[in-house]
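Coordinates as given in upload-v6.cif (mmCIF, C-alpha atoms):
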```cif
data_structure
loop_
_atom_site.label_atom_id
_atom_site.label_comp_id
_atom_site.auth_asym_id
_atom_site.auth_seq_id
_atom_site.Cartn_x
_atom_site.Cartn_y
_atom_site.Cartn_z
CA MET A 1 84.19 144.26 114.57
CA LYS A 2 82.83 147.41 112.96
CA LEU A 3 84.31 150.08 110.71
CA LYS A 4 83.31 153.44 112.17
CA GLY A 5 85.15 155.69 109.75
CA LEU A 6 87.17 155.44 106.56
CA LYS A 7 89.58 157.92 104.95
CA VAL A 8 90.95 157.26 101.48
CA LYS A 9 93.40 159.43 99.59
CA ASP A 10 94.67 158.92 96.03
CA LEU A 11 93.45 155.35 95.58
CA ARG A 12 92.78 154.82 91.88
CA ASN A 13 90.29 157.57 90.93
CA LEU A 14 89.39 158.40 94.55
CA ALA A 15 91.17 161.68 95.28
CA GLU A 16 89.97 162.18 98.85
CA VAL A 17 87.18 160.39 100.70
CA ASN A 18 86.15 160.76 104.34
CA LEU A 19 83.15 158.67 105.44
CA ASP A 20 81.24 157.94 108.65
CA LEU A 21 79.90 154.44 108.22
CA CYS A 22 76.84 152.49 109.30
CA PRO A 23 77.52 149.52 111.60
CA HIS A 24 74.93 147.46 109.70
CA LEU A 25 74.47 147.96 105.94
CA ASN A 26 76.31 150.37 103.67
CA VAL A 27 75.09 150.61 100.07
CA ILE A 28 77.46 152.11 97.51
CA LEU A 29 75.78 153.22 94.28
CA GLY A 30 77.21 154.48 91.03
CA LEU A 31 77.77 153.77 87.37
CA ASN A 32 80.38 151.27 86.27
CA GLY A 33 83.82 152.84 86.49
CA SER A 34 82.73 155.49 88.97
CA GLY A 35 84.90 154.19 91.84
CA LYS A 36 82.52 151.90 93.76
CA THR A 37 84.84 148.92 93.68
CA SER A 38 87.80 151.13 94.58
CA LEU A 39 86.05 152.04 97.82
CA LEU A 40 85.73 148.35 98.72
CA GLU A 41 89.34 147.93 97.68
CA GLY A 42 90.31 150.57 100.23
CA ILE A 43 88.64 148.60 103.03
CA HIS A 44 90.37 145.43 101.83
CA LEU A 45 93.72 147.24 101.79
CA VAL A 46 93.43 148.50 105.35
CA SER A 47 92.70 144.98 106.58
CA LEU A 48 95.01 142.81 104.50
CA ALA A 49 97.50 145.37 103.13
CA ARG A 50 96.78 144.10 99.60
CA SER A 51 94.23 144.60 96.87
CA PHE A 52 91.84 141.94 95.62
CA ARG A 53 92.31 143.23 92.06
CA THR A 54 96.07 143.53 91.57
CA GLN A 55 99.33 142.56 93.23
CA GLN A 56 101.11 145.71 92.10
CA ASN A 57 101.11 149.15 93.73
CA ARG A 58 101.33 151.29 90.61
CA PRO A 59 97.76 150.65 89.33
CA LEU A 60 96.42 151.51 92.79
CA VAL A 61 98.03 154.95 93.06
CA ARG A 62 95.97 157.74 91.49
CA HIS A 63 97.39 159.07 88.24
CA GLY A 64 99.60 162.09 88.84
CA THR A 65 100.42 161.16 92.46
CA ASN A 66 103.10 158.99 94.05
CA GLU A 67 101.34 157.31 96.96
CA LEU A 68 97.98 156.35 98.39
CA THR A 69 96.81 156.21 101.99
CA VAL A 70 93.87 154.52 103.68
CA PHE A 71 92.95 154.99 107.35
CA ALA A 72 90.17 153.25 109.24
CA LEU A 73 88.66 153.60 112.69
CA ILE A 74 87.70 150.18 114.03
CA GLU A 75 85.41 149.39 116.95
CA SER A 76 86.18 146.00 118.47
CA PRO A 77 85.62 144.21 121.80
CA SER A 78 89.10 145.35 122.86
CA GLY A 79 88.28 149.00 122.16
CA VAL A 80 88.66 151.46 119.31
CA HIS A 81 91.68 151.02 117.03
CA LYS A 82 93.22 153.06 114.24
CA LEU A 83 94.46 151.15 111.20
CA GLY A 84 96.45 152.65 108.34
CA VAL A 85 98.19 151.61 105.15
CA ARG A 86 100.34 153.61 102.78
CA LYS A 87 101.53 152.37 99.40
CA ASN A 88 103.70 154.17 96.89
CA SER A 89 104.37 153.71 93.20
CA LYS A 90 107.83 152.24 93.96
CA GLY A 91 106.16 149.16 95.46
CA GLU A 92 106.73 150.08 99.10
CA THR A 93 104.08 149.51 101.78
CA ALA A 94 103.88 150.91 105.32
CA LEU A 95 101.39 149.77 107.96
CA ARG A 96 100.19 151.60 111.09
CA LEU A 97 98.26 150.35 114.10
CA ASP A 98 97.15 152.79 116.79
CA GLY A 99 99.78 155.32 115.76
CA GLN A 100 102.65 152.83 115.78
CA LYS A 101 104.34 150.93 113.00
CA ALA A 102 102.65 147.54 112.59
CA LYS A 103 104.99 144.56 112.34
CA ASN A 104 102.97 142.79 109.64
CA SER A 105 99.59 142.66 107.95
CA SER A 106 98.31 139.91 110.26
CA ALA A 107 98.11 142.46 113.08
CA LEU A 108 95.61 144.46 111.00
CA ALA A 109 93.77 141.41 109.66
CA SER A 110 93.11 140.04 113.15
CA LEU A 111 91.31 143.28 114.07
CA LEU A 112 89.28 143.48 110.86
CA PRO A 113 88.15 140.07 109.54
CA ILE A 114 87.14 140.63 105.93
CA GLN A 115 84.95 138.42 103.76
CA LEU A 116 84.88 139.25 100.06
CA ILE A 117 82.26 138.34 97.43
CA THR A 118 82.80 139.50 93.85
CA PRO A 119 81.59 138.50 90.38
CA SER A 120 84.66 136.25 90.21
CA SER A 121 83.97 134.46 93.52
CA HIS A 122 83.22 131.25 91.59
CA GLU A 123 86.99 130.94 91.14
CA LEU A 124 87.08 129.44 94.64
CA LEU A 125 85.39 126.39 93.11
CA GLU A 126 87.16 126.17 89.76
CA SER A 127 90.69 127.39 90.49
CA GLY A 128 93.56 125.43 91.99
CA ARG A 129 93.53 124.07 95.51
CA LYS A 130 95.55 127.00 96.90
CA GLN A 131 92.44 129.21 97.17
CA ARG A 132 90.49 126.49 98.96
CA ARG A 133 93.31 125.94 101.44
CA ALA A 134 93.28 129.69 102.06
CA PHE A 135 89.53 129.48 102.65
CA ILE A 136 90.07 126.97 105.47
CA ASP A 137 93.07 128.80 106.88
CA TRP A 138 91.14 132.12 107.06
CA SER A 139 88.90 130.62 109.73
CA LEU A 140 91.72 128.95 111.62
CA PHE A 141 93.77 132.17 111.60
CA HIS A 142 90.90 134.07 113.20
CA VAL A 143 89.92 131.47 115.82
CA LYS A 144 93.28 129.81 116.68
CA HIS A 145 95.80 132.34 117.97
CA ASP A 146 98.83 130.16 117.24
CA TYR A 147 97.73 128.84 113.85
CA LEU A 148 99.58 131.42 111.75
CA GLU A 149 102.85 130.69 113.55
CA LEU A 150 102.25 126.94 113.14
CA TRP A 151 101.68 127.32 109.40
CA GLN A 152 104.76 129.55 109.01
CA ARG A 153 106.91 126.97 110.81
CA TYR A 154 105.60 124.25 108.54
CA VAL A 155 106.27 126.29 105.38
CA ARG A 156 109.83 127.06 106.53
CA THR A 157 110.41 123.36 107.19
CA VAL A 158 109.15 122.42 103.72
CA ARG A 159 111.50 124.96 102.13
CA GLN A 160 114.47 123.73 104.14
CA ARG A 161 113.63 120.13 103.35
CA ASN A 162 113.29 120.92 99.65
CA ALA A 163 116.70 122.58 99.66
CA ALA A 164 118.14 119.48 101.32
CA LEU A 165 116.49 117.23 98.72
CA HIS A 166 118.56 118.93 96.04
CA GLN A 167 121.59 117.43 97.80
CA SER A 168 120.21 113.98 98.63
CA GLN A 169 117.29 112.23 100.25
CA GLN A 170 119.55 111.36 103.14
CA ALA A 171 120.17 115.08 103.76
CA ALA A 172 116.41 115.70 103.82
CA ILE A 173 115.72 113.14 106.54
CA VAL A 174 116.85 115.55 109.25
CA TRP A 175 113.76 117.68 108.49
CA ASN A 176 111.24 114.84 108.62
CA GLU A 177 110.54 115.04 112.34
CA ALA A 178 109.62 118.74 112.24
CA LEU A 179 107.67 118.27 109.00
CA LEU A 180 105.57 115.53 110.56
CA LYS A 181 105.08 117.41 113.83
CA TYR A 182 103.81 120.63 112.26
CA GLY A 183 102.03 118.92 109.39
CA GLU A 184 100.03 116.55 111.57
CA GLU A 185 98.91 119.42 113.80
CA ILE A 186 97.81 121.50 110.80
CA ASN A 187 95.99 118.49 109.37
CA ARG A 188 94.18 117.89 112.65
CA GLU A 189 93.04 121.52 112.92
CA ARG A 190 91.85 121.61 109.32
CA GLN A 191 89.94 118.34 109.57
CA GLN A 192 88.15 119.52 112.71
CA PHE A 193 87.22 122.77 111.00
CA VAL A 194 85.82 121.04 107.90
CA VAL A 195 83.62 118.83 110.08
CA SER A 196 82.20 121.87 111.90
CA PHE A 197 81.95 123.88 108.69
CA SER A 198 80.02 121.12 106.88
CA MET A 199 77.31 121.28 109.53
CA LEU A 200 77.20 125.09 109.60
CA VAL A 201 76.99 125.53 105.83
CA ALA A 202 74.13 123.06 105.26
CA PRO A 203 71.29 125.42 106.36
CA TYR A 204 72.67 128.22 104.17
CA ILE A 205 72.82 125.90 101.17
CA GLN A 206 69.25 124.89 101.88
CA GLN A 207 68.07 128.50 101.88
CA LEU A 208 70.16 129.81 98.99
CA LEU A 209 70.32 126.76 96.73
CA ASP A 210 66.97 125.12 97.46
CA ASN A 211 68.52 122.25 99.37
CA ILE A 212 70.90 120.92 96.72
CA SER A 213 72.95 118.19 98.40
CA ILE A 214 76.60 119.29 98.45
CA GLU A 215 79.43 117.39 100.11
CA PHE A 216 82.62 118.91 101.51
CA ASP A 217 85.55 116.55 101.83
CA TYR A 218 89.00 117.47 103.14
CA TYR A 219 91.89 115.93 101.23
CA PRO A 220 94.95 116.17 103.53
CA GLY A 221 97.62 116.24 100.84
CA TRP A 222 98.25 112.50 100.67
CA ALA A 223 96.26 109.37 99.88
CA LYS A 224 93.45 108.55 102.28
CA GLY A 225 93.93 105.47 104.40
CA LYS A 226 97.50 106.47 105.21
CA ASP A 227 98.91 108.67 107.94
CA PHE A 228 101.36 111.43 107.12
CA SER A 229 104.46 109.47 108.15
CA GLN A 230 103.50 106.51 105.95
CA ALA A 231 102.70 108.80 103.02
CA LEU A 232 106.05 110.55 103.45
CA ALA A 233 107.89 107.23 103.47
CA ASP A 234 106.02 106.09 100.35
CA SER A 235 106.85 109.31 98.49
CA GLN A 236 110.60 108.73 98.27
CA GLU A 237 110.57 107.78 94.59
CA SER A 238 108.50 110.78 93.54
CA GLU A 239 110.66 113.09 95.65
CA LYS A 240 113.78 111.66 94.05
CA SER A 241 112.54 112.44 90.54
CA MET A 242 110.87 115.79 91.32
CA GLY A 243 113.24 117.20 93.90
CA TYR A 244 110.66 118.55 96.33
CA THR A 245 108.27 117.42 99.10
CA THR A 246 105.30 115.91 97.28
CA VAL A 247 102.97 115.16 100.20
CA GLY A 248 101.72 117.22 103.14
CA PRO A 249 99.28 119.98 104.11
CA HIS A 250 100.78 122.29 101.46
CA ARG A 251 99.15 119.94 98.92
CA ALA A 252 95.77 119.76 100.67
CA ASP A 253 92.39 120.58 99.14
CA LEU A 254 88.76 121.11 100.06
CA ARG A 255 86.84 118.99 97.59
CA ILE A 256 83.29 120.14 96.90
CA ARG A 257 81.03 117.62 95.20
CA ILE A 258 77.45 116.93 94.12
CA ASP A 259 76.67 113.22 93.61
CA LYS A 260 80.43 112.49 93.54
CA HIS A 261 80.99 115.04 90.75
CA PRO A 262 82.82 118.36 91.23
CA ALA A 263 80.21 121.00 92.05
CA ILE A 264 81.68 123.30 89.39
CA GLU A 265 80.53 120.81 86.72
CA ILE A 266 76.92 120.76 87.95
CA LEU A 267 76.05 124.27 89.09
CA SER A 268 75.24 127.29 86.92
CA ARG A 269 77.34 130.43 87.34
CA GLY A 270 74.63 131.99 89.54
CA GLN A 271 74.43 128.85 91.68
CA GLN A 272 78.21 128.84 92.02
CA LYS A 273 78.08 132.38 93.39
CA LEU A 274 75.33 131.38 95.81
CA LEU A 275 77.35 128.39 96.99
CA VAL A 276 80.36 130.60 97.70
CA CYS A 277 78.05 133.02 99.54
CA ALA A 278 76.74 130.12 101.65
CA MET A 279 80.33 129.12 102.42
CA ARG A 280 81.23 132.67 103.46
CA LEU A 281 78.15 132.88 105.68
CA ALA A 282 79.16 129.63 107.39
CA GLN A 283 82.64 131.06 107.98
CA LEU A 284 81.10 134.11 109.65
CA GLU A 285 78.99 131.90 111.87
CA HIS A 286 82.00 129.80 112.79
CA LEU A 287 83.88 132.98 113.70
CA ARG A 288 81.00 134.18 115.88
CA LEU A 289 80.54 130.82 117.64
CA GLU A 290 84.24 130.38 118.36
CA THR A 291 85.20 133.96 119.28
CA GLY A 292 82.04 136.06 119.65
CA LYS A 293 83.36 138.33 116.91
CA THR A 294 81.59 139.51 113.78
CA GLY A 295 83.20 140.22 110.44
CA VAL A 296 82.97 142.77 107.66
CA VAL A 297 81.52 141.61 104.34
CA LEU A 298 82.37 143.31 101.05
CA ILE A 299 80.06 142.46 98.14
CA ASP A 300 81.04 143.94 94.81
CA ASP A 301 78.21 144.06 92.25
CA LEU A 302 75.66 142.05 94.23
CA PRO A 303 73.15 141.89 91.33
CA SER A 304 75.65 140.12 89.07
CA GLU A 305 74.35 136.59 88.30
CA LEU A 306 71.60 136.82 90.98
CA ASP A 307 67.88 137.45 90.58
CA SER A 308 65.96 139.69 92.99
CA GLU A 309 64.68 136.77 95.07
CA HIS A 310 68.14 135.37 95.77
CA ARG A 311 69.56 138.85 96.38
CA SER A 312 66.91 139.40 99.05
CA ARG A 313 67.53 135.99 100.61
CA LEU A 314 71.26 136.64 100.80
CA LEU A 315 70.86 140.09 102.34
CA SER A 316 68.40 138.72 104.89
CA LEU A 317 70.84 135.98 105.91
CA LEU A 318 73.68 138.49 106.14
CA GLU A 319 71.63 140.70 108.46
CA LYS A 320 71.21 137.77 110.85
CA THR A 321 74.97 137.25 111.13
CA GLY A 322 75.48 140.64 112.78
CA ALA A 323 78.21 141.43 110.25
CA GLN A 324 78.80 144.91 108.88
CA VAL A 325 78.08 144.76 105.15
CA PHE A 326 79.18 146.90 102.19
CA VAL A 327 77.34 146.32 98.91
CA THR A 328 77.88 147.96 95.53
CA ALA A 329 75.27 148.28 92.78
CA THR A 330 74.35 150.58 89.92
CA GLU A 331 70.81 151.32 91.20
CA SER A 332 69.21 151.44 94.66
CA GLU A 333 66.22 149.40 93.45
CA LEU A 334 68.50 146.39 93.10
CA ILE A 335 69.20 146.25 96.85
CA ASP A 336 66.46 145.18 99.27
CA THR A 337 67.20 146.93 102.58
CA THR A 338 63.86 146.26 104.31
CA VAL A 339 65.17 143.81 106.96
CA TRP A 340 68.09 145.97 108.04
CA PRO A 341 67.79 148.06 111.24
CA ALA A 342 69.98 150.83 109.83
CA VAL A 343 71.30 151.65 106.38
CA LYS A 344 73.59 154.28 104.88
CA VAL A 345 73.67 154.94 101.15
CA PHE A 346 76.63 156.50 99.36
CA HIS A 347 76.73 157.69 95.77
CA VAL A 348 79.98 157.57 93.81
CA GLU A 349 80.53 159.65 90.69
CA HIS A 350 83.86 160.41 89.01
CA GLY A 351 85.74 159.44 92.17
CA GLN A 352 83.65 161.64 94.44
CA VAL A 353 81.69 159.94 97.24
CA LYS A 354 78.68 161.57 98.89
CA GLU A 355 76.26 160.21 101.46
CA VAL A 356 72.66 160.14 100.22
CA VAL A 357 70.28 161.55 102.83
CA GLN A 358 67.43 159.07 103.30
#
```
What is this structure when it is put down as structure tokens?
Amino acid sequence: MKLKGLKVKDLRNLAEVNLDLCPHLNVILGLNGSGKTSLLEGIHLVSLARSFRTQQNRPLVRHGTNELTVFALIESPSGVHKLGVRKNSKGETALRLDGQKAKNSSALASLLPIQLITPSSHELLESGRKQRRAFIDWSLFHVKHDYLELWQRYVRTVRQRNAALHQSQQAAIVWNEALLKYGEEINRERQQFVVSFSMLVAPYIQQLLDNISIEFDYYPGWAKGKDFSQALADSQESEKSMGYTTVGPHRADLRIRIDKHPAIEILSRGQQKLLVCAMRLAQLEHLRLETGKTGVVLIDDLPSELDSEHRSRLLSLLEKTGAQVFVTATESELIDTTVWPAVKVFHVEHGQVKEVVQ
């Protein structure tokens, strides 16, 4: 998957941008506040129909205008596709795929798998389990065609069961069969992924973190040593007092440990970022091995928390994945491009983006 072209209009301070992109490495340079991150945000929007910085439309729309648009030309194994997103200050969003209205954001996301690394990427390790579940589900969404539908069915069942629990536990029993069916399948897919992922991530940890021993353990959303049906039966008292389904894949977590301690307690902030980078690299490899596809990697402020040696190591590993990479920095000297077969450099200043002739 490669972004061939990108058009951005009225996104934050970006009035109008029209870029031809490099299929390998794209370096985006500029002072803080110039619009570098907004350019990455545009790519994120056209894939996932949402920003990685805000959940609201109004901050995204350039001051003095009412809507923003982002269009992208994507080259994929199935051919060339046109993706588009429009957001207005009223909170409305419209999606386009090959000139037609797209039914949902998953249609865009499947064509443009995005991996994001930012100065706040360490939150994957220290935040709640929801982000780590999403980390697992990103891979399953892109390699298992029916996984999204499976997860949606499970979520609907949980909601219906929770509504029934407000009446009585007896009323909720009717939903147990579907809950177990979908939940056990999700659990099986996730466990298989974590096993494969643990093997794929180890070499990246070795190269980026000097072989620190890190363990990845999938917690299914109920006590180990039990199956889902037993855990559900044993949860009746807690469900009675809380009024909702207390066990299941919606409570799952990816536990990341060093010597039985949470990794977040052991690693420095720079090491945390490197660990997340290793995890993202392993996801890209899993995607390639399972589907033959490559992804697009957005790295905002690569130099943050990383010394020159680790920046070079990371960029070298990224080049080997075959992914298309976008990196922002304040100075070109901070980005080692020597291993890349082709590079484009763009300079951003006051919302204006110009390609720098090499």
Task: Pick from A:Leu150, A:Cys277, A:Leu334, A:Val70, whichever lies nearest to Glu309 of chain A using only C-alpha atoms - done: A:Leu334
TODO: Would you mind telling me which residue in A:Ile266, A:Ile256, A:Leu298, A:Val353 lies nearest to Arg132 of chain A when using all atoms listed in the file?
DONE: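 Counting all atoms listed in the file, the residue closest to Arg132 of chain A is A:Ile256.
Distances to Gln131 of chain A were evaluated for A:Lys320, A:Arg255, A:Arg153, A:Arg159 using only C-alpha atoms, and the minimum falls at A:Arg255.
Interatomic distance, atom CA of Ala72 of chain A against atom CA of Leu3 of chain A: 6.8 Å.
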Kindly assemble as JSON lines a list of the segment 107-220 of chain A residues that lie within 12 Å of segment 33-37 of chain A, each paired with its nearest atom pair and their distance in Å to one decimal, using only C-alpha atoms, sorted first by chain and then by ascending residue number.
```
{"residue": "A:Leu116", "atom": "CA", "partner": "A:Thr37", "partner_atom": "CA", "distance": 11.6}
{"residue": "A:Ile117", "atom": "CA", "partner": "A:Thr37", "partner_atom": "CA", "distance": 11.5}
{"residue": "A:Thr118", "atom": "CA", "partner": "A:Thr37", "partner_atom": "CA", "distance": 9.6}
{"residue": "A:Pro119", "atom": "CA", "partner": "A:Thr37", "partner_atom": "CA", "distance": 11.4}
```
TODO: Using the chain letters and residue numbers of this document, give as an NGL selection string the residues selected by the PyMOL selection byres ((chain A and resi 351) around 10).
DONE: :A and (10-17 or 30 or 33-36 or 38-39 or 347-350 or 352-354)
Open item on the list: Give me the residues near Gln236 of chain A as a ChimeraX atom specification, where near means some atom within 12 Å (using all atoms listed in the file) and where sequence neighbours in that chain fewer than 5 positions away do not count.
Closed with: /A:165,168-170,172-173,229-231,241-247
Could you save the residues just selected, with C-alpha atoms, as an mmCIF file, in the coordinates of the input?
```cif
data_model
loop_
_atom_site.group_PDB
_atom_site.id
_atom_site.type_symbol
_atom_site.label_atom_id
_atom_site.label_comp_id
_atom_site.auth_asym_id
_atom_site.auth_seq_id
_atom_site.Cartn_x
_atom_site.Cartn_y
_atom_site.Cartn_z
ATOM 1 C CA LEU A 165 116.490 117.230 98.720
ATOM 2 C CA SER A 168 120.210 113.980 98.630
ATOM 3 C CA GLN A 169 117.290 112.230 100.250
ATOM 4 C CA GLN A 170 119.550 111.360 103.140
ATOM 5 C CA ALA A 172 116.410 115.700 103.820
ATOM 6 C CA ILE A 173 115.720 113.140 106.540
ATOM 7 C CA SER A 229 104.460 109.470 108.150
ATOM 8 C CA GLN A 230 103.500 106.510 105.950
ATOM 9 C CA ALA A 231 102.700 108.800 103.020
ATOM 10 C CA SER A 241 112.540 112.440 90.540
ATOM 11 C CA MET A 242 110.870 115.790 91.320
ATOM 12 C CA GLY A 243 113.240 117.200 93.900
ATOM 13 C CA TYR A 244 110.660 118.550 96.330
ATOM 14 C CA THR A 245 108.270 117.420 99.100
ATOM 15 C CA THR A 246 105.300 115.910 97.280
ATOM 16 C CA VAL A 247 102.970 115.160 100.200
#
```
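Distances to His44 of chain A were evaluated for A:Leu284, A:Pro77, A:Gln152, A:Gln115 using only C-alpha atoms, and the minimum falls at A:Gln115.
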- [ ] Name the closest residue to Lys260 of chain A among the candidates A:Gln192, A:Thr330, A:Ser213, A:Thr65; distances are taken between atoms, counting all atoms listed in the file.
- [x]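 So, comparing all the options, the nearest one is A:Ser213.
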- [ ] Mind giving me the straight-line distance from atom CA of Glu290 of chain A to atom CA of Glu126 of chain A in Å, one decimal?
- [x] 29.1 Å
